[in-house]
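K.L.:
File protein-v5.txt below, compact mmCIF, C-alpha atoms:
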```
# COMPACT_ATOMS: atom_id res chain seq x y z
CA MET A 1 -14.00 -40.28 -7.27
CA ALA A 2 -15.14 -40.19 -3.64
CA PHE A 3 -12.78 -38.88 -0.96
CA ASN A 4 -12.68 -39.40 2.78
CA LYS A 5 -14.01 -36.45 4.75
CA THR A 6 -13.06 -35.05 8.14
CA ILE A 7 -15.89 -33.55 10.20
CA GLN A 8 -15.51 -31.46 13.34
CA MET A 9 -18.48 -31.55 15.69
CA CYS A 10 -19.17 -29.63 18.90
CA ILE A 11 -22.01 -30.87 21.12
CA PHE A 12 -22.88 -27.96 23.37
CA ASP A 13 -23.46 -28.76 27.06
CA GLY A 14 -22.90 -32.45 26.25
CA ASN A 15 -26.53 -32.71 25.13
CA PRO A 16 -26.94 -34.36 21.69
CA ASN A 17 -30.62 -33.37 21.67
CA GLY A 18 -29.86 -29.68 22.09
CA ARG A 19 -27.30 -27.74 20.02
CA ILE A 20 -24.65 -29.18 17.73
CA MET A 21 -22.19 -27.32 15.50
CA CYS A 22 -20.56 -29.08 12.52
CA GLU A 23 -17.79 -28.08 10.16
CA LEU A 24 -16.07 -29.85 7.28
CA SER A 25 -12.34 -29.66 6.65
CA ASN A 26 -11.34 -27.14 3.94
CA TRP A 27 -14.87 -25.67 3.70
CA ASN A 28 -16.01 -22.24 4.82
CA GLY A 29 -19.52 -23.40 5.69
CA ARG A 30 -20.93 -24.14 9.13
CA VAL A 31 -24.01 -26.14 10.09
CA TYR A 32 -25.92 -25.87 13.35
CA LYS A 33 -28.55 -28.28 14.66
CA ILE A 34 -30.75 -26.52 17.22
CA SER A 35 -33.75 -27.87 19.09
CA ARG A 36 -36.74 -25.54 19.26
CA ASN A 37 -36.35 -25.20 23.02
CA ASP A 38 -32.68 -24.18 22.71
CA LEU A 39 -33.15 -21.35 20.23
CA SER A 40 -32.53 -18.76 22.96
CA GLU A 41 -29.08 -20.30 23.57
CA PHE A 42 -28.27 -19.96 19.87
CA ALA A 43 -28.74 -16.20 20.33
CA ASN A 44 -25.48 -16.13 22.28
CA ARG A 45 -23.48 -17.21 19.23
CA PRO A 46 -21.65 -14.40 17.36
CA ASP A 47 -22.84 -15.82 14.03
CA CYS A 48 -26.50 -16.22 15.01
CA ASP A 49 -27.58 -13.39 12.67
CA TYR A 50 -25.51 -14.37 9.65
CA THR A 51 -27.18 -14.87 6.26
CA GLY A 52 -28.02 -18.46 5.32
CA VAL A 53 -30.62 -21.16 4.77
CA TYR A 54 -32.45 -23.22 7.36
CA PHE A 55 -34.62 -26.31 7.62
CA LEU A 56 -37.39 -26.90 10.17
CA PHE A 57 -38.10 -30.56 10.93
CA GLY A 58 -41.26 -31.94 12.52
CA LYS A 59 -44.18 -34.34 12.24
CA ASP A 60 -47.66 -34.00 10.77
CA GLU A 61 -50.91 -35.28 12.30
CA ASP A 62 -50.22 -38.76 10.92
CA ASN A 63 -46.72 -38.77 12.45
CA ASN A 64 -45.06 -38.44 9.04
CA ASP A 65 -41.82 -36.46 8.73
CA THR A 66 -42.11 -32.87 7.53
CA VAL A 67 -39.59 -30.22 6.51
CA TYR A 68 -39.82 -26.49 5.85
CA VAL A 69 -37.04 -24.95 3.74
CA GLY A 70 -36.28 -21.26 4.28
CA GLU A 71 -33.69 -18.50 3.90
CA ALA A 72 -32.81 -15.49 6.01
CA GLU A 73 -30.56 -12.45 5.89
CA LYS A 74 -30.60 -12.36 9.70
CA MET A 75 -30.97 -15.96 10.84
CA LEU A 76 -31.98 -15.53 14.50
CA VAL A 77 -34.57 -12.86 13.68
CA ARG A 78 -36.23 -15.19 11.14
CA LEU A 79 -36.14 -18.25 13.40
CA LYS A 80 -37.76 -16.33 16.25
CA GLN A 81 -40.65 -15.53 13.90
CA HIS A 82 -41.18 -19.27 13.45
CA LEU A 83 -41.66 -19.66 17.22
CA LYS A 84 -45.04 -18.01 16.69
CA ASP A 85 -46.05 -20.85 14.37
CA ASN A 86 -47.89 -23.88 15.62
CA ASN A 87 -45.67 -26.62 17.02
CA TYR A 88 -45.14 -28.26 13.64
CA TRP A 89 -41.37 -28.25 14.08
CA ASN A 90 -39.09 -29.55 16.80
CA ASP A 91 -35.59 -29.21 15.35
CA CYS A 92 -33.91 -26.65 13.15
CA VAL A 93 -30.78 -26.99 11.01
CA VAL A 94 -29.02 -23.76 10.02
CA VAL A 95 -26.46 -23.52 7.20
CA ILE A 96 -24.27 -20.41 7.06
CA SER A 97 -20.83 -19.32 5.89
CA LYS A 98 -18.23 -18.86 8.63
CA ASP A 99 -17.09 -15.61 7.04
CA ASN A 100 -20.65 -14.51 6.23
CA ILE A 101 -20.00 -14.17 2.49
CA LEU A 102 -23.48 -15.35 1.46
CA ASN A 103 -25.79 -12.62 0.18
CA LYS A 104 -29.53 -12.49 -0.50
CA ALA A 105 -29.17 -13.81 -4.06
CA HIS A 106 -27.03 -16.70 -2.83
CA VAL A 107 -29.48 -17.86 -0.18
CA LYS A 108 -32.50 -17.49 -2.46
CA TYR A 109 -30.70 -19.74 -4.92
CA LEU A 110 -29.84 -22.22 -2.15
CA GLU A 111 -33.39 -22.18 -0.81
CA ASN A 112 -34.78 -23.13 -4.22
CA LYS A 113 -32.23 -25.89 -4.76
CA PHE A 114 -32.72 -27.44 -1.32
CA PHE A 115 -36.51 -27.21 -1.73
CA ASN A 116 -36.32 -29.20 -4.97
CA LEU A 117 -33.85 -31.68 -3.52
CA ALA A 118 -36.30 -32.40 -0.69
CA LEU A 119 -39.15 -32.84 -3.17
CA ASP A 120 -37.12 -35.22 -5.33
CA ALA A 121 -35.90 -37.27 -2.37
CA LYS A 122 -39.48 -37.89 -1.12
CA ARG A 123 -38.15 -38.57 2.37
CA SER A 124 -40.35 -35.95 4.05
CA SER A 125 -43.39 -33.86 3.25
CA VAL A 126 -42.22 -30.39 2.19
CA ILE A 127 -44.65 -27.97 3.82
CA ASN A 128 -43.66 -24.68 2.17
CA SER A 129 -46.82 -22.95 0.94
CA THR A 130 -45.06 -21.63 -2.18
CA ILE A 131 -42.15 -22.67 -4.39
CA PRO A 132 -39.09 -20.56 -3.50
CA THR A 133 -37.91 -18.30 -6.31
CA CYS A 134 -34.51 -19.20 -7.78
CA SER A 135 -32.41 -16.05 -8.04
CA SER A 136 -30.16 -15.33 -11.00
CA ILE A 137 -26.47 -15.61 -10.10
CA SER A 138 -23.17 -15.58 -11.97
CA GLU A 139 -21.60 -18.74 -13.35
CA PHE A 140 -18.80 -18.44 -10.80
CA ASP A 141 -21.29 -18.21 -7.93
CA GLU A 142 -23.19 -21.20 -9.30
CA PHE A 143 -20.04 -23.34 -9.18
CA MET A 144 -19.29 -22.17 -5.65
CA LEU A 145 -22.82 -22.84 -4.41
CA SER A 146 -22.95 -26.30 -6.03
CA GLU A 147 -20.05 -27.34 -3.83
CA PHE A 148 -21.70 -25.57 -0.89
CA ILE A 149 -24.87 -27.61 -1.39
CA GLU A 150 -23.03 -30.95 -1.51
CA ASN A 151 -21.06 -30.20 1.64
CA ALA A 152 -24.16 -29.00 3.47
CA ARG A 153 -26.06 -32.15 2.45
CA LEU A 154 -23.26 -34.27 3.87
CA LEU A 155 -23.37 -32.53 7.24
CA VAL A 156 -27.17 -32.46 7.42
CA ASN A 157 -27.14 -36.21 6.74
CA THR A 158 -24.46 -36.71 9.40
CA LEU A 159 -26.75 -34.97 11.90
CA GLY A 160 -29.39 -37.62 11.15
CA PHE A 161 -31.63 -35.75 8.71
CA LYS A 162 -31.77 -37.63 5.39
CA VAL A 163 -34.32 -35.31 3.84
CA PHE A 164 -32.10 -34.48 0.84
CA ASP A 165 -30.92 -38.03 0.08
CA LYS A 166 -32.54 -39.22 -3.12
CA THR A 167 -33.20 -42.96 -3.16
CA ASP A 168 -33.50 -43.47 -6.92
CA ILE A 169 -31.08 -46.00 -8.41
CA SER A 170 -30.74 -46.31 -12.16
CA ILE A 171 -31.51 -49.56 -13.97
CA LEU A 172 -27.84 -49.84 -14.90
CA GLU A 173 -26.81 -49.53 -11.27
CA GLN A 174 -29.40 -52.11 -10.24
CA GLU A 175 -28.25 -54.62 -12.84
CA SER A 176 -24.56 -54.14 -12.05
CA ASN A 177 -25.05 -54.47 -8.29
CA GLU A 178 -24.31 -57.99 -7.03
CA ALA A 179 -26.43 -57.57 -3.93
CA ILE A 180 -29.90 -57.31 -5.47
CA PHE A 181 -32.52 -59.32 -3.61
CA ASN A 182 -35.84 -60.64 -4.92
CA ILE A 183 -39.15 -61.89 -3.60
CA THR A 184 -41.60 -63.78 -5.81
CA ALA A 185 -44.52 -65.06 -3.79
CA THR A 186 -48.18 -65.99 -3.91
CA ARG A 187 -50.94 -63.43 -4.44
CA GLY A 188 -48.90 -61.62 -7.12
CA ALA A 189 -45.89 -60.39 -5.16
CA ASP A 190 -42.85 -59.78 -7.36
CA ALA A 191 -40.30 -57.36 -5.93
CA LYS A 192 -36.64 -56.38 -6.02
CA GLY A 193 -34.58 -54.42 -3.55
CA MET A 194 -31.24 -53.94 -1.86
CA LEU A 195 -29.71 -53.21 1.51
CA VAL A 196 -28.92 -49.51 2.04
CA PRO A 197 -27.23 -47.78 5.00
CA ASP A 198 -30.53 -46.85 6.66
CA GLY A 199 -32.56 -50.00 5.94
CA PHE A 200 -33.82 -51.86 2.89
CA MET A 201 -34.86 -50.21 -0.37
CA VAL A 202 -37.62 -51.73 -2.48
CA PHE A 203 -37.22 -50.67 -6.10
CA LYS A 204 -39.69 -48.77 -8.21
CA GLY A 205 -41.81 -51.20 -10.27
CA SER A 206 -41.91 -53.87 -7.55
CA LYS A 207 -45.32 -55.46 -7.05
CA ILE A 208 -46.86 -56.37 -3.71
CA ALA A 209 -49.42 -59.04 -2.87
CA LYS A 210 -52.97 -57.97 -3.66
CA ASP A 211 -54.27 -58.84 -0.20
CA THR A 212 -53.03 -59.73 3.27
CA ALA A 213 -53.01 -62.96 5.24
CA PRO A 214 -55.44 -63.14 8.21
CA SER A 215 -52.47 -63.75 10.53
CA MET A 216 -50.65 -60.55 9.52
CA SER A 217 -50.15 -58.31 12.55
CA THR A 218 -52.29 -55.20 12.86
CA ASN A 219 -49.25 -52.90 12.92
CA LEU A 220 -47.97 -54.33 9.64
CA VAL A 221 -51.39 -54.11 8.01
CA ASN A 222 -51.60 -50.46 9.09
CA LEU A 223 -48.13 -49.76 7.71
CA ARG A 224 -49.04 -51.37 4.39
CA ASN A 225 -52.26 -49.40 4.15
CA LYS A 226 -50.51 -46.13 5.01
CA ILE A 227 -47.98 -46.61 2.20
CA ILE A 228 -50.81 -47.32 -0.23
CA GLU A 229 -52.74 -44.25 0.96
CA LYS A 230 -49.67 -42.06 0.37
CA ASN A 231 -49.71 -43.23 -3.29
CA ILE A 232 -46.25 -44.75 -2.99
CA ILE A 233 -47.96 -47.94 -4.14
CA ASN A 234 -50.48 -47.43 -6.94
CA SER A 235 -53.84 -49.06 -7.67
CA ASP A 236 -52.06 -51.91 -9.50
CA PHE A 237 -50.17 -52.69 -6.26
CA VAL A 238 -46.89 -51.48 -7.79
CA PHE A 239 -44.32 -49.13 -6.21
CA ASP A 240 -44.29 -45.85 -8.14
CA SER A 241 -40.88 -44.94 -6.70
CA ASP A 242 -38.05 -46.48 -4.73
CA TYR A 243 -38.97 -46.74 -1.05
CA ILE A 244 -36.77 -47.34 1.99
CA PHE A 245 -38.02 -49.46 4.88
CA THR A 246 -36.20 -49.44 8.20
CA SER A 247 -35.59 -53.20 7.95
CA PRO A 248 -35.70 -56.06 5.41
CA SER A 249 -38.47 -57.70 7.45
CA LEU A 250 -40.81 -54.71 7.19
CA ALA A 251 -40.14 -54.59 3.45
CA ALA A 252 -40.81 -58.31 3.05
CA ALA A 253 -44.02 -58.14 5.10
CA VAL A 254 -45.46 -55.28 3.03
CA VAL A 255 -44.51 -57.02 -0.22
CA MET A 256 -45.79 -60.48 0.78
CA GLY A 257 -48.85 -59.36 2.70
CA ARG A 258 -47.96 -61.42 5.76
CA ASN A 259 -45.55 -61.57 8.68
CA ALA A 260 -42.08 -62.32 7.31
CA ASN A 261 -38.42 -62.60 8.23
CA GLY A 262 -36.78 -60.43 5.61
CA ARG A 263 -33.31 -61.84 6.25
CA THR A 264 -34.45 -65.21 4.95
CA GLU A 265 -37.19 -64.18 2.47
CA TRP A 266 -35.14 -61.76 0.33
CA LYS A 267 -32.84 -63.80 -1.94
CA THR A 268 -30.37 -63.16 -4.76
CA VAL A 269 -30.58 -64.82 -8.18
CA ASN A 270 -28.19 -67.41 -6.74
CA ASP A 271 -30.74 -68.21 -4.01
CA LYS A 272 -28.65 -66.66 -1.24
CA SER A 273 -30.58 -64.87 1.49
CA ILE A 274 -29.42 -61.82 3.41
CA LYS A 275 -28.77 -64.15 6.33
CA ASP A 276 -26.61 -66.42 4.17
CA ILE A 277 -24.49 -63.50 2.96
CA GLU A 278 -24.08 -62.05 6.47
CA GLU A 279 -22.82 -65.40 7.76
CA MET A 280 -20.32 -66.01 4.96
```
Would you encode the structure as structure tokens?
P.N.:
Amino acid sequence: MAFNKTIQMCIFDGNPNGRIMCELSNWNGRVYKISRNDLSEFANRPDCDYTGVYFLFGKDEDNNDTVYVGEAEKMLVRLKQHLKDNNYWNDCVVVISKDNILNKAHVKYLENKFFNLALDAKRSSVINSTIPTCSSISEFDEFMLSEFIENARLLVNTLGFKVFDKTDISILEQESNEAIFNITATRGADAKGMLVPDGFMVFKGSKIAKDTAPSMSTNLVNLRNKIIEKNIINSDFVFDSDYIFTSPSLAAAVVMGRNANGRTEWKTVNDKSIKDIEEM
């Protein structure tokens, strides 16, 4: 059963692009979002050298999202070391305990779990050079850290980083959902998907058109080709995993191989479009 959550958020200096501190009611964790340029300001916080895990967010040469997952016994000391790295990261998210109860074994365990969550979610390229070792912890600590992970994921998501949100939806969930939309079009397109909070998800197994229309815009052709190059769509023109587009129209265009209005092209089994449902 899902419960409502209360989040406290402090935006330092009134700058949402700088430093933000988040806490969740009845949880001893604390999450900071810090821009690379504001790391020196973080040094003024009394908890800047607590033990915890951190995530470095950036872009690669192709402008794709990247994340580095790390752990530190003294957070500020470790983050300063990353300033010597190339400018592959712009923002950092730090997860600590307000009472500093996390130890080395705890954060090694958390690092491994968050690393694998990021891999499974496939939202960003995980750029760690090695797989973090998962430490051995007691059963009691495992229960405690499982809750810690879920609360941290919630706050990281609230800060706008969806790197740990897995998009997979089971077949049962797909079939029981009344808002499943379909596209069956020329050139072999046969796809299913649904509206999600951050766009439109095309389901694994959906098939796109084998070629593109001459009138398709260059930007859309490039987007389609990039998704194919990243092996999200295989050589049979089928999605190998669920994939979220920022809008139904982008999803429809990639699937149909032409410019498209996704709010009218995606339709339910009852032939209702997204537009029809929104206007009901």
K.L.:
Expressed in Å to a single decimal, how great is the separation between CA of Thr133 (chain A) and CA of Lys108 (chain A)?
P.N.:
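Computing it gives 6.7 Å between the two atoms.
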K.L.:
If you take all atoms listed in the file and a cut-off of 10 Å, which residues of region 118-235 of chain A touch region 70-91 of chain A, and what are their nearest atom pairs and distances in Å to one decimal, in chain and number order, as a tab-separated table?
P.N.:
```
residue	atom	partner	partner_atom	distance
A:Ile127	CA	A:Tyr88	CA	9.8
A:Asn128	CA	A:Gly70	CA	8.4
A:Pro132	CA	A:Gly70	CA	8.3
```
K.L.:
What does the structure give for the distance between CA of Phe55 (chain A) and CA of Ile137 (chain A), in Å to one decimal?
P.N.:
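Distance between the two atoms: 22.2 Å.
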K.L.:
For the atom pair CA of Val107 (chain A) and CA of Arg45 (chain A), what is the interatomic distance in Å to one decimal place?
P.N.:
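Distance reported for this atom pair: 20.3 Å.
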K.L.:
Give me the residues of region 38-82 of chain A that have any atom at most 12 Å from an atom of region 214-236 of chain A; for each, the nearest atom pair and the distance in Å, rounded to one decimal. Use all atoms listed in the file, sort by chain and number, and format it as JSON lines.
P.N.:
```
{"residue": "A:Asp62", "atom": "CA", "partner": "A:Lys226", "partner_atom": "CA", "distance": 9.5}
{"residue": "A:Asn63", "atom": "CA", "partner": "A:Lys226", "partner_atom": "CA", "distance": 11.1}
{"residue": "A:Asn64", "atom": "CA", "partner": "A:Lys226", "partner_atom": "CA", "distance": 10.3}
```
K.L.:
Quick one: everything within 8 Å of Gly262 (chain A), counting all atoms listed in the file, minus sequence neighbours fewer than 3 positions away in the same chain. Send it as JSON, numbers by chain.
P.N.:
{"A": [247, 248, 249, 250, 251, 252, 253, 265, 266, 274]}
K.L.:
Find, counting all atoms listed in the file, the residue in A:Ala43, A:Cys10, A:Ala152, A:Val67 that gets nearest to Lys122 (chain A).
P.N.:
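With all atoms listed in the file as the atom set, the closest residue is A:Val67.
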K.L.:
Would you mind writing region 27-41 of chain A with N, CA and C atoms, as an mmCIF file, in the frame of the given file?
P.N.:
```
data_model
loop_
_atom_site.group_PDB
_atom_site.id
_atom_site.type_symbol
_atom_site.label_atom_id
_atom_site.label_comp_id
_atom_site.auth_asym_id
_atom_site.auth_seq_id
_atom_site.Cartn_x
_atom_site.Cartn_y
_atom_site.Cartn_z
ATOM 1 N N TRP A 27 -13.599 -26.247 4.174
ATOM 2 C CA TRP A 27 -14.870 -25.670 3.700
ATOM 3 C C TRP A 27 -15.222 -24.510 4.601
ATOM 4 N N ASN A 28 -15.714 -23.426 4.021
ATOM 5 C CA ASN A 28 -16.010 -22.240 4.820
ATOM 6 C C ASN A 28 -17.436 -22.238 5.355
ATOM 7 N N GLY A 29 -18.159 -23.327 5.180
ATOM 8 C CA GLY A 29 -19.520 -23.400 5.690
ATOM 9 C C GLY A 29 -19.572 -23.881 7.132
ATOM 10 N N ARG A 30 -20.694 -23.665 7.761
ATOM 11 C CA ARG A 30 -20.930 -24.140 9.130
ATOM 12 C C ARG A 30 -22.386 -24.532 9.254
ATOM 13 N N VAL A 31 -22.646 -25.635 9.933
ATOM 14 C CA VAL A 31 -24.010 -26.140 10.090
ATOM 15 C C VAL A 31 -24.315 -26.282 11.583
ATOM 16 N N TYR A 32 -25.441 -25.734 11.979
ATOM 17 C CA TYR A 32 -25.920 -25.870 13.350
ATOM 18 C C TYR A 32 -27.181 -26.733 13.368
ATOM 19 N N LYS A 33 -27.281 -27.613 14.351
ATOM 20 C CA LYS A 33 -28.550 -28.280 14.660
ATOM 21 C C LYS A 33 -29.010 -27.717 15.991
ATOM 22 N N ILE A 34 -30.233 -27.191 16.031
ATOM 23 C CA ILE A 34 -30.750 -26.520 17.220
ATOM 24 C C ILE A 34 -32.153 -27.027 17.511
ATOM 25 N N SER A 35 -32.386 -27.487 18.721
ATOM 26 C CA SER A 35 -33.750 -27.870 19.090
ATOM 27 C C SER A 35 -34.576 -26.595 19.291
ATOM 28 N N ARG A 36 -35.859 -26.703 19.109
ATOM 29 C CA ARG A 36 -36.740 -25.540 19.260
ATOM 30 C C ARG A 36 -36.582 -24.888 20.630
ATOM 31 N N ASN A 37 -36.441 -25.710 21.658
ATOM 32 C CA ASN A 37 -36.350 -25.200 23.020
ATOM 33 C C ASN A 37 -35.018 -24.529 23.331
ATOM 34 N N ASP A 38 -34.003 -24.751 22.474
ATOM 35 C CA ASP A 38 -32.680 -24.180 22.710
ATOM 36 C C ASP A 38 -32.373 -22.992 21.810
ATOM 37 N N LEU A 39 -33.390 -22.455 21.155
ATOM 38 C CA LEU A 39 -33.150 -21.350 20.230
ATOM 39 C C LEU A 39 -32.597 -20.125 20.962
ATOM 40 N N SER A 40 -33.020 -19.908 22.201
ATOM 41 C CA SER A 40 -32.530 -18.760 22.960
ATOM 42 C C SER A 40 -31.029 -18.867 23.228
ATOM 43 N N GLU A 41 -30.513 -20.094 23.370
ATOM 44 C CA GLU A 41 -29.080 -20.300 23.570
ATOM 45 C C GLU A 41 -28.295 -19.977 22.295
#
```
